[in-house]
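**Student:** Here's a structure for you.
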Amino acid sequence: MTVVIDDLSDNKRLAEPASVLASSRKAIAISGAGISVESGIPDFRSPGGLWEKFDPMEYAYIETFRRDPEKAWQLFREVGRTLAGKIPNRAHYVLVELEERGMLHALITQNIDGLHQAAGSRNVIEVHGDHSHLECIECRHNIPSVDGHYDPGEVPTCERCGYPLKPAVVLFGEAIRGVDRIEEALDGCDVILTIGTSAQVQPVASLPWQVKTSGGTVIEFDLTDTQLTGSCSDYFVKGNASETLDRFAEAAEELRKA
């Protein structure tokens, strides 16, 4: 049964999951779109989100890019403009602090916004790639993206082979990144924090279950219930990630020092 914590003033209940992290041998975290909402980046899957404007199976499929790069770039430009100028919020910085204190081994993110690295996290596994670079799928050349790439105009092409470039993100039909690093992170993991993820996209959605079945603890942070709540999560801390993570990390640090 999931323990729901929706009142952060109840320090005793918040201390329960905090003590689990404080005493863990190896903790990891996974993050989804929800952690970046407070940075002004809307969840693409939410009502009114990007996927209502661009059908992902029509615009975000690798075969679409190969067949019609101009069409795929309609989506890429929209994403580029959405991410432009966004900065990390408090939740991103809390994860940096946990890593620096030795309380977080690795961070697996489904996000492509680069905000974890911008905040200072070091061991970040970007399973869906990043939108801050462009890549050539023919010769594998990779360059940093600039704002001008997302302005209307010609599709950027590779300076080495002339093939159309795409953002260095994983499109539907492509393999996720960092599989070996994910396996290493899971090895011996006894606590997993899930932050702002609806746990709908595989294989990341299965990671909390892998930790759970290995005897570990799942601590979930989100605004609303997800597929993990009531089934996989041991604790569900409800609220904005910037506030819930901050209070949780503070409690864990106090217990660790006690």
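How things are named: the first chain in the structure tokens is A, the next is B, and so on; residues count from 1 in each chain; ligands count from 1 in the order shown.
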Please report, as JSON lines, each residue of region 53-163 of chain A lying at most 9 Å from region 23-45 of chain A, together with the nearest pair of atoms and the separation in Å rounded to one decimal; use only C-alpha atoms, and order rows by chain and ascending residue number.
**Tutor:**
{"residue": "A:Thr82", "atom": "CA", "partner": "A:Ile41", "partner_atom": "CA", "distance": 6.8}
{"residue": "A:Leu83", "atom": "CA", "partner": "A:Ile41", "partner_atom": "CA", "distance": 6.7}
{"residue": "A:Lys86", "atom": "CA", "partner": "A:Ser39", "partner_atom": "CA", "distance": 6.2}
{"residue": "A:Ile87", "atom": "CA", "partner": "A:Ser39", "partner_atom": "CA", "distance": 6.1}
{"residue": "A:Pro88", "atom": "CA", "partner": "A:Ser39", "partner_atom": "CA", "distance": 6.1}
{"residue": "A:Asn89", "atom": "CA", "partner": "A:Ser39", "partner_atom": "CA", "distance": 5.7}
{"residue": "A:Arg90", "atom": "CA", "partner": "A:Glu38", "partner_atom": "CA", "distance": 8.8}
{"residue": "A:Ala91", "atom": "CA", "partner": "A:Ile35", "partner_atom": "CA", "distance": 6.8}
{"residue": "A:His92", "atom": "CA", "partner": "A:Ile35", "partner_atom": "CA", "distance": 7.5}
{"residue": "A:Leu95", "atom": "CA", "partner": "A:Ala29", "partner_atom": "CA", "distance": 8.6}
{"residue": "A:Met103", "atom": "CA", "partner": "A:Ala27", "partner_atom": "CA", "distance": 6.6}
{"residue": "A:Leu104", "atom": "CA", "partner": "A:Ala27", "partner_atom": "CA", "distance": 5.1}
{"residue": "A:His105", "atom": "CA", "partner": "A:Ile28", "partner_atom": "CA", "distance": 5.4}
{"residue": "A:Ala106", "atom": "CA", "partner": "A:Ile28", "partner_atom": "CA", "distance": 4.9}
{"residue": "A:Leu107", "atom": "CA", "partner": "A:Ala29", "partner_atom": "CA", "distance": 4.9}
{"residue": "A:Ile108", "atom": "CA", "partner": "A:Ile30", "partner_atom": "CA", "distance": 4.6}
{"residue": "A:Thr109", "atom": "CA", "partner": "A:Ser31", "partner_atom": "CA", "distance": 4.7}
{"residue": "A:Gln110", "atom": "CA", "partner": "A:Gly32", "partner_atom": "CA", "distance": 5.3}
{"residue": "A:Asn111", "atom": "CA", "partner": "A:Gly32", "partner_atom": "CA", "distance": 5.9}
{"residue": "A:Asp113", "atom": "CA", "partner": "A:Ser36", "partner_atom": "CA", "distance": 8.4}
{"residue": "A:Leu115", "atom": "CA", "partner": "A:Ser36", "partner_atom": "CA", "distance": 7.9}
**Student:** Residues of the last selection are to be written out with N, CA and C atoms, as a PDB file, in the first residue's frame.
**Tutor:**
ATOM      1  N   THR A  82      10.154  26.376 -27.684  1.00  0.00           N
ATOM      2  CA  THR A  82       9.599  26.131 -26.351  1.00  0.00           C
ATOM      3  C   THR A  82      10.687  26.057 -25.293  1.00  0.00           C
ATOM      4  N   LEU A  83      11.818  25.452 -25.638  1.00  0.00           N
ATOM      5  CA  LEU A  83      12.900  25.259 -24.668  1.00  0.00           C
ATOM      6  C   LEU A  83      13.813  26.479 -24.529  1.00  0.00           C
ATOM      7  N   LYS A  86      14.931  28.724 -21.109  1.00  0.00           N
ATOM      8  CA  LYS A  86      14.429  28.149 -19.859  1.00  0.00           C
ATOM      9  C   LYS A  86      15.593  27.842 -18.917  1.00  0.00           C
ATOM     10  N   ILE A  87      15.346  28.013 -17.627  1.00  0.00           N
ATOM     11  CA  ILE A  87      16.394  27.795 -16.628  1.00  0.00           C
ATOM     12  C   ILE A  87      15.891  26.803 -15.570  1.00  0.00           C
ATOM     13  N   PRO A  88      16.826  26.159 -14.852  1.00  0.00           N
ATOM     14  CA  PRO A  88      16.422  25.181 -13.833  1.00  0.00           C
ATOM     15  C   PRO A  88      15.611  25.820 -12.717  1.00  0.00           C
ATOM     16  N   ASN A  89      14.774  25.003 -12.081  1.00  0.00           N
ATOM     17  CA  ASN A  89      14.043  25.463 -10.904  1.00  0.00           C
ATOM     18  C   ASN A  89      14.597  24.768  -9.663  1.00  0.00           C
ATOM     19  N   ARG A  90      14.010  25.043  -8.527  1.00  0.00           N
ATOM     20  CA  ARG A  90      14.527  24.539  -7.258  1.00  0.00           C
ATOM     21  C   ARG A  90      14.639  23.009  -7.240  1.00  0.00           C
ATOM     22  N   ALA A  91      13.713  22.313  -7.867  1.00  0.00           N
ATOM     23  CA  ALA A  91      13.760  20.847  -7.869  1.00  0.00           C
ATOM     24  C   ALA A  91      15.038  20.332  -8.535  1.00  0.00           C
ATOM     25  N   HIS A  92      15.444  20.963  -9.630  1.00  0.00           N
ATOM     26  CA  HIS A  92      16.683  20.560 -10.284  1.00  0.00           C
ATOM     27  C   HIS A  92      17.877  20.745  -9.346  1.00  0.00           C
ATOM     28  N   LEU A  95      18.313  18.089  -6.539  1.00  0.00           N
ATOM     29  CA  LEU A  95      18.947  16.851  -6.992  1.00  0.00           C
ATOM     30  C   LEU A  95      20.452  17.011  -7.090  1.00  0.00           C
ATOM     31  N   MET A 103      24.225  11.232  -1.651  1.00  0.00           N
ATOM     32  CA  MET A 103      22.955  10.560  -1.388  1.00  0.00           C
ATOM     33  C   MET A 103      22.225  10.164  -2.659  1.00  0.00           C
ATOM     34  N   LEU A 104      22.772  10.516  -3.811  1.00  0.00           N
ATOM     35  CA  LEU A 104      22.145  10.166  -5.082  1.00  0.00           C
ATOM     36  C   LEU A 104      23.236   9.725  -6.049  1.00  0.00           C
ATOM     37  N   HIS A 105      23.148   8.475  -6.477  1.00  0.00           N
ATOM     38  CA  HIS A 105      24.200   7.908  -7.327  1.00  0.00           C
ATOM     39  C   HIS A 105      24.065   8.341  -8.777  1.00  0.00           C
ATOM     40  N   ALA A 106      22.845   8.343  -9.298  1.00  0.00           N
ATOM     41  CA  ALA A 106      22.645   8.655 -10.722  1.00  0.00           C
ATOM     42  C   ALA A 106      21.251   9.212 -10.931  1.00  0.00           C
ATOM     43  N   LEU A 107      21.121   9.955 -12.020  1.00  0.00           N
ATOM     44  CA  LEU A 107      19.848  10.564 -12.387  1.00  0.00           C
ATOM     45  C   LEU A 107      19.517  10.172 -13.823  1.00  0.00           C
ATOM     46  N   ILE A 108      18.427   9.451 -13.980  1.00  0.00           N
ATOM     47  CA  ILE A 108      17.976   9.018 -15.295  1.00  0.00           C
ATOM     48  C   ILE A 108      16.817   9.925 -15.700  1.00  0.00           C
ATOM     49  N   THR A 109      16.979  10.659 -16.786  1.00  0.00           N
ATOM     50  CA  THR A 109      15.924  11.592 -17.178  1.00  0.00           C
ATOM     51  C   THR A 109      15.366  11.269 -18.547  1.00  0.00           C
ATOM     52  N   GLN A 110      14.058  11.453 -18.666  1.00  0.00           N
ATOM     53  CA  GLN A 110      13.381  11.332 -19.957  1.00  0.00           C
ATOM     54  C   GLN A 110      13.330  12.670 -20.673  1.00  0.00           C
ATOM     55  N   ASN A 111      13.783  13.717 -20.001  1.00  0.00           N
ATOM     56  CA  ASN A 111      13.690  15.071 -20.551  1.00  0.00           C
ATOM     57  C   ASN A 111      14.832  15.357 -21.514  1.00  0.00           C
ATOM     58  N   ASP A 113      15.614  18.707 -22.167  1.00  0.00           N
ATOM     59  CA  ASP A 113      15.825  20.149 -22.009  1.00  0.00           C
ATOM     60  C   ASP A 113      17.185  20.535 -21.445  1.00  0.00           C
ATOM     61  N   LEU A 115      18.186  20.751 -18.434  1.00  0.00           N
ATOM     62  CA  LEU A 115      18.152  21.567 -17.213  1.00  0.00           C
ATOM     63  C   LEU A 115      18.860  20.912 -16.040  1.00  0.00           C
TER      64      LEU A 115
END
**Student:** Which residues in region 17-206 of chain A does DSSP call strand (DSSP E or B)? List them as a ChimeraX atom specification.
**Tutor:** /A:27-31,61,106-109,124-126,129-135,142-144,157,164,166-169,172,191-195
**Student:** Considering only C-alpha atoms, can you say which of A:Arg177, A:His131, A:Arg81, A:Lys257 comes closest to Asp147 (chain A)?
**Tutor:**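 Closest residue, counting only C-alpha atoms: A:Arg81.
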**Student:** Within 7 Å of region 178-184 of chain A, counting only C-alpha atoms, which residues qualify if same-chain residues fewer than 2 places away don't, as a PyMOL selection string?
**Tutor:** chain A and resi 125+127+176+186-187
**Student:** Can you check which residues of region 106-244 of chain A DSSP gives as alpha helix (DSSP H) on the backbone and send them as a ChimeraX atom specification?
**Tutor:** /A:115-119,179-186,207-213,241-244
**Student:** Can you write just those residues out, N, CA and C atoms, as a short mmCIF file (atom, residue, chain, number, x, y, z; two decimals), in the first residue's frame?
**Tutor:**
data_model
loop_
_atom_site.label_atom_id
_atom_site.label_comp_id
_atom_site.auth_asym_id
_atom_site.auth_seq_id
_atom_site.Cartn_x
_atom_site.Cartn_y
_atom_site.Cartn_z
N LEU A 115 18.19 20.75 -18.43
CA LEU A 115 18.15 21.57 -17.21
C LEU A 115 18.86 20.91 -16.04
N HIS A 116 18.91 19.58 -16.01
CA HIS A 116 19.65 18.94 -14.92
C HIS A 116 21.14 19.30 -14.99
N GLN A 117 21.70 19.23 -16.19
CA GLN A 117 23.12 19.59 -16.35
C GLN A 117 23.32 21.08 -16.11
N ALA A 118 22.37 21.90 -16.55
CA ALA A 118 22.48 23.35 -16.32
C ALA A 118 22.50 23.67 -14.83
N ALA A 119 21.78 22.88 -14.04
CA ALA A 119 21.76 23.10 -12.60
C ALA A 119 23.05 22.62 -11.94
N VAL A 179 21.80 2.63 -22.25
CA VAL A 179 21.33 1.37 -21.68
C VAL A 179 22.34 0.78 -20.71
N ASP A 180 23.61 0.76 -21.08
CA ASP A 180 24.64 0.21 -20.20
C ASP A 180 24.74 0.99 -18.90
N ARG A 181 24.63 2.31 -18.99
CA ARG A 181 24.71 3.13 -17.78
C ARG A 181 23.49 2.92 -16.88
N ILE A 182 22.33 2.69 -17.49
CA ILE A 182 21.13 2.41 -16.70
C ILE A 182 21.30 1.10 -15.94
N GLU A 183 21.82 0.08 -16.58
CA GLU A 183 22.03 -1.20 -15.92
C GLU A 183 23.00 -1.05 -14.76
N GLU A 184 24.04 -0.24 -14.95
CA GLU A 184 24.99 -0.02 -13.87
C GLU A 184 24.32 0.70 -12.71
N ALA A 185 23.49 1.67 -13.02
CA ALA A 185 22.80 2.43 -11.97
C ALA A 185 21.85 1.54 -11.18
N LEU A 186 21.19 0.61 -11.84
CA LEU A 186 20.24 -0.27 -11.17
C LEU A 186 20.92 -1.32 -10.31
N LEU A 207 11.51 0.79 -14.64
CA LEU A 207 12.63 0.85 -13.69
C LEU A 207 12.18 0.83 -12.22
N PRO A 208 11.13 1.60 -11.84
CA PRO A 208 10.68 1.49 -10.44
C PRO A 208 10.26 0.07 -10.07
N TRP A 209 9.64 -0.63 -11.01
CA TRP A 209 9.23 -2.01 -10.74
C TRP A 209 10.43 -2.91 -10.54
N GLN A 210 11.49 -2.67 -11.31
CA GLN A 210 12.70 -3.49 -11.15
C GLN A 210 13.31 -3.29 -9.77
N VAL A 211 13.36 -2.05 -9.31
CA VAL A 211 13.87 -1.78 -7.97
C VAL A 211 12.97 -2.40 -6.92
N LYS A 212 11.67 -2.27 -7.12
CA LYS A 212 10.68 -2.81 -6.17
C LYS A 212 10.82 -4.31 -6.03
N THR A 213 10.88 -5.02 -7.15
CA THR A 213 10.95 -6.48 -7.10
C THR A 213 12.28 -6.97 -6.56
N ALA A 241 7.17 19.73 -7.27
CA ALA A 241 8.46 19.09 -7.01
C ALA A 241 9.44 20.03 -6.33
N SER A 242 9.42 21.31 -6.69
CA SER A 242 10.37 22.26 -6.10
C SER A 242 10.18 22.35 -4.60
N GLU A 243 8.95 22.22 -4.12
CA GLU A 243 8.69 22.30 -2.69
C GLU A 243 8.85 20.95 -2.01
N THR A 244 8.27 19.90 -2.61
CA THR A 244 8.31 18.59 -1.95
C THR A 244 9.73 18.03 -1.90
#
**Student:** Here is a test: counting only C-alpha atoms, which residue of A:Glu159, A:Asp151, A:Glu99, A:Glu174 is nearest to His128 (chain A)?
**Tutor:** A:Glu174
